[in-house]
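Below you'll find the structure, written out as structure tokens, and then a few comments.
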Amino acid sequence: LEECPVDAIYYDEDLPADQERFREINAGYFERHQPQTHTPAALVDRPTVKSGALRVAVVGAGPAACYASAALIGVDGVEVNLFERLPTPFGLIRAGVAPDHQHTKSVVRIFEHVFSNKRFGCYLNVEIGSDLTHDELLAHHHAVIYAVGAARGRELDIPGNE
């Protein structure tokens with residue numbers, strides 16, 4: 001609940017009256033789509049990674065990349081290196097939210113502990129594909145997470161779309 005910058009998440013018992021209908025819609029969805037509770041065989045058969053042995057590269061520095069990094073840093077022994085093509089982190093939080101919406105922009109504070117962690121490295125102005133290749137990342141990391149947006153907007157095939 002503390003991570004929603006626009007207060008759009010509610011406990012069942014605190015749901016505003018105008019949103020009560022969503023309780024039934026949500027319950028119906030989960031009746032039709034039961035979550036899987038079994039463990040895939042690939043995870044069972046995989047050997048346990050020793051502490052300090054897992055290094056992950058995260059490509060992108062927007063909200064998705066930061067949340068992924070936070071989750072990984074929360075695991076003892078995992079090292080994370082974040083690579084961003086822009087000179088600043090936080091993607092659309094920094095560049096796409098209006099300056100007069102400081103409450104919304106304040107979500108970046110939840111990532112402070114990640115960026116200050118000694119097991120976290122941040123490399124800005126690095127473009128994967130030209131400065132570094134995917135194979136170069138894999139040569140130094142056990143896994144690579146791509147958490148990037150679209151390189152450009154999609155064109156609509158309608159008059160006046162520009």
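Every chain in the structure tokens takes a letter, A first, then B, and so on in the order presented; its residues are numbered from 1, and the ligands are numbered from 1 following the presented order.
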Open item on the list: Just want the 12 Å neighbourhood of range 141-149 of chain A, counted on only C-alpha atoms, with same-chain residues fewer than 6 positions away dropped. Output as JSON, numbers by chain.
Closed with: {"A": [49, 52, 53, 54, 55, 56, 57, 58, 59, 60, 61, 62, 63, 64, 65, 66, 67, 68, 69, 72, 78, 79, 80, 81, 82, 83, 84, 85, 86, 89, 90, 91, 92, 127, 128, 133, 134, 135]}
Taking N, CA, C and O atoms for each residue, export the selection above as a short mmCIF file (atom, residue, chain, number, x, y, z; two decimals), in the first residue's frame.
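Generated output (part_2.cif):
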```
data_model
loop_
_atom_site.label_atom_id
_atom_site.label_comp_id
_atom_site.auth_asym_id
_atom_site.auth_seq_id
_atom_site.Cartn_x
_atom_site.Cartn_y
_atom_site.Cartn_z
N VAL A 49 21.90 -21.65 -5.40
CA VAL A 49 22.99 -20.70 -5.64
C VAL A 49 23.56 -20.31 -4.29
O VAL A 49 22.84 -19.95 -3.37
N GLY A 52 26.38 -14.81 -2.28
CA GLY A 52 27.43 -14.02 -2.91
C GLY A 52 27.76 -14.45 -4.32
O GLY A 52 28.60 -13.86 -4.96
N ALA A 53 27.07 -15.47 -4.82
CA ALA A 53 27.42 -16.01 -6.13
C ALA A 53 26.54 -15.51 -7.26
O ALA A 53 26.82 -15.76 -8.40
N LEU A 54 25.46 -14.79 -6.95
CA LEU A 54 24.52 -14.40 -8.00
C LEU A 54 24.66 -12.92 -8.34
O LEU A 54 24.50 -12.06 -7.49
N ARG A 55 24.98 -12.64 -9.60
CA ARG A 55 25.11 -11.27 -10.08
C ARG A 55 24.11 -11.08 -11.22
O ARG A 55 24.11 -11.85 -12.19
N VAL A 56 23.27 -10.05 -11.12
CA VAL A 56 22.21 -9.80 -12.09
C VAL A 56 22.39 -8.42 -12.70
O VAL A 56 22.62 -7.45 -11.98
N ALA A 57 22.24 -8.33 -14.01
CA ALA A 57 22.23 -7.04 -14.71
C ALA A 57 20.78 -6.66 -14.96
O ALA A 57 19.98 -7.49 -15.39
N VAL A 58 20.45 -5.42 -14.67
CA VAL A 58 19.11 -4.89 -14.97
C VAL A 58 19.29 -3.77 -15.98
O VAL A 58 20.03 -2.82 -15.73
N VAL A 59 18.64 -3.90 -17.12
CA VAL A 59 18.75 -2.91 -18.18
C VAL A 59 17.51 -2.02 -18.11
O VAL A 59 16.38 -2.50 -18.21
N GLY A 60 17.75 -0.72 -17.91
CA GLY A 60 16.68 0.25 -17.73
C GLY A 60 16.74 0.78 -16.31
O GLY A 60 17.30 0.12 -15.42
N ALA A 61 16.21 1.97 -16.09
CA ALA A 61 16.23 2.56 -14.75
C ALA A 61 14.91 3.21 -14.41
O ALA A 61 14.84 4.09 -13.56
N GLY A 62 13.85 2.79 -15.08
CA GLY A 62 12.52 3.29 -14.77
C GLY A 62 11.94 2.53 -13.59
O GLY A 62 12.62 1.75 -12.92
N PRO A 63 10.66 2.75 -13.32
CA PRO A 63 10.03 2.11 -12.17
C PRO A 63 10.15 0.58 -12.17
O PRO A 63 10.48 -0.02 -11.15
N ALA A 64 9.90 -0.07 -13.31
CA ALA A 64 9.96 -1.53 -13.35
C ALA A 64 11.36 -2.03 -13.02
O ALA A 64 11.54 -2.98 -12.25
N ALA A 65 12.37 -1.38 -13.57
CA ALA A 65 13.76 -1.77 -13.29
C ALA A 65 14.11 -1.54 -11.83
O ALA A 65 14.79 -2.35 -11.20
N CYS A 66 13.64 -0.44 -11.27
CA CYS A 66 13.94 -0.12 -9.87
C CYS A 66 13.24 -1.09 -8.93
O CYS A 66 13.82 -1.53 -7.93
N TYR A 67 11.98 -1.45 -9.21
CA TYR A 67 11.28 -2.43 -8.38
C TYR A 67 11.98 -3.79 -8.47
O TYR A 67 12.14 -4.48 -7.47
N ALA A 68 12.41 -4.19 -9.68
CA ALA A 68 13.13 -5.45 -9.83
C ALA A 68 14.43 -5.43 -9.05
O ALA A 68 14.78 -6.38 -8.35
N SER A 69 15.15 -4.32 -9.14
CA SER A 69 16.41 -4.18 -8.40
C SER A 69 16.18 -4.24 -6.90
O SER A 69 16.94 -4.88 -6.17
N LEU A 72 15.61 -7.81 -5.85
CA LEU A 72 16.85 -8.59 -5.89
C LEU A 72 17.79 -8.21 -4.74
O LEU A 72 18.39 -9.08 -4.11
N VAL A 78 22.89 -11.31 -3.33
CA VAL A 78 22.67 -10.98 -4.73
C VAL A 78 23.26 -9.60 -5.02
O VAL A 78 23.07 -8.66 -4.26
N GLU A 79 24.01 -9.52 -6.11
CA GLU A 79 24.57 -8.25 -6.57
C GLU A 79 23.81 -7.82 -7.81
O GLU A 79 23.49 -8.65 -8.66
N VAL A 80 23.54 -6.53 -7.92
CA VAL A 80 22.78 -6.00 -9.04
C VAL A 80 23.55 -4.85 -9.67
O VAL A 80 24.04 -3.96 -8.97
N ASN A 81 23.66 -4.89 -11.00
CA ASN A 81 24.21 -3.77 -11.76
C ASN A 81 23.12 -3.27 -12.69
O ASN A 81 22.57 -4.04 -13.48
N LEU A 82 22.79 -1.99 -12.57
CA LEU A 82 21.74 -1.37 -13.37
C LEU A 82 22.38 -0.56 -14.49
O LEU A 82 23.32 0.20 -14.23
N PHE A 83 21.89 -0.71 -15.71
CA PHE A 83 22.43 -0.01 -16.88
C PHE A 83 21.31 0.82 -17.51
O PHE A 83 20.24 0.29 -17.83
N GLU A 84 21.56 2.10 -17.70
CA GLU A 84 20.56 3.02 -18.25
C GLU A 84 21.19 3.84 -19.37
O GLU A 84 22.30 4.35 -19.20
N ARG A 85 20.50 3.97 -20.49
CA ARG A 85 21.04 4.73 -21.62
C ARG A 85 20.97 6.24 -21.40
O ARG A 85 21.71 7.00 -22.01
N LEU A 86 20.07 6.69 -20.51
CA LEU A 86 19.93 8.11 -20.23
C LEU A 86 20.92 8.53 -19.13
O LEU A 86 21.43 7.69 -18.40
N PRO A 89 18.49 8.33 -13.70
CA PRO A 89 17.61 7.19 -13.47
C PRO A 89 16.14 7.62 -13.32
O PRO A 89 15.84 8.81 -13.37
N PHE A 90 15.27 6.66 -13.15
CA PHE A 90 13.85 6.79 -12.81
C PHE A 90 12.92 7.04 -13.99
O PHE A 90 11.73 7.24 -13.80
N GLY A 91 13.41 7.02 -15.22
CA GLY A 91 12.57 7.04 -16.40
C GLY A 91 11.44 8.05 -16.37
O GLY A 91 11.66 9.24 -16.14
N LEU A 92 10.21 7.56 -16.58
CA LEU A 92 9.06 8.45 -16.69
C LEU A 92 8.68 9.08 -15.35
O LEU A 92 7.96 10.09 -15.34
N GLU A 127 24.34 2.42 -23.32
CA GLU A 127 23.28 1.84 -24.14
C GLU A 127 23.65 0.41 -24.52
O GLU A 127 24.71 0.16 -25.11
N ILE A 128 22.76 -0.50 -24.14
CA ILE A 128 22.97 -1.92 -24.48
C ILE A 128 22.65 -2.08 -25.96
O ILE A 128 21.60 -1.68 -26.43
N THR A 133 27.16 -5.15 -25.35
CA THR A 133 26.25 -6.11 -25.99
C THR A 133 25.61 -7.00 -24.92
O THR A 133 26.08 -7.07 -23.78
N HIS A 134 24.56 -7.67 -25.32
CA HIS A 134 23.92 -8.64 -24.42
C HIS A 134 24.92 -9.71 -24.00
O HIS A 134 24.98 -10.09 -22.83
N ASP A 135 25.71 -10.19 -24.93
CA ASP A 135 26.70 -11.22 -24.62
C ASP A 135 27.74 -10.73 -23.61
O ASP A 135 28.20 -11.48 -22.75
#
```
Task: Counting only C-alpha atoms, the residue of A:Asn26, A:Asn117, A:Ser130, A:Asn161 that sits nearest Gly74 in chain A - done: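 Ranking A:Asn26, A:Asn117, A:Ser130, A:Asn161 by distance to Gly74 in chain A, first place goes to A:Asn117.
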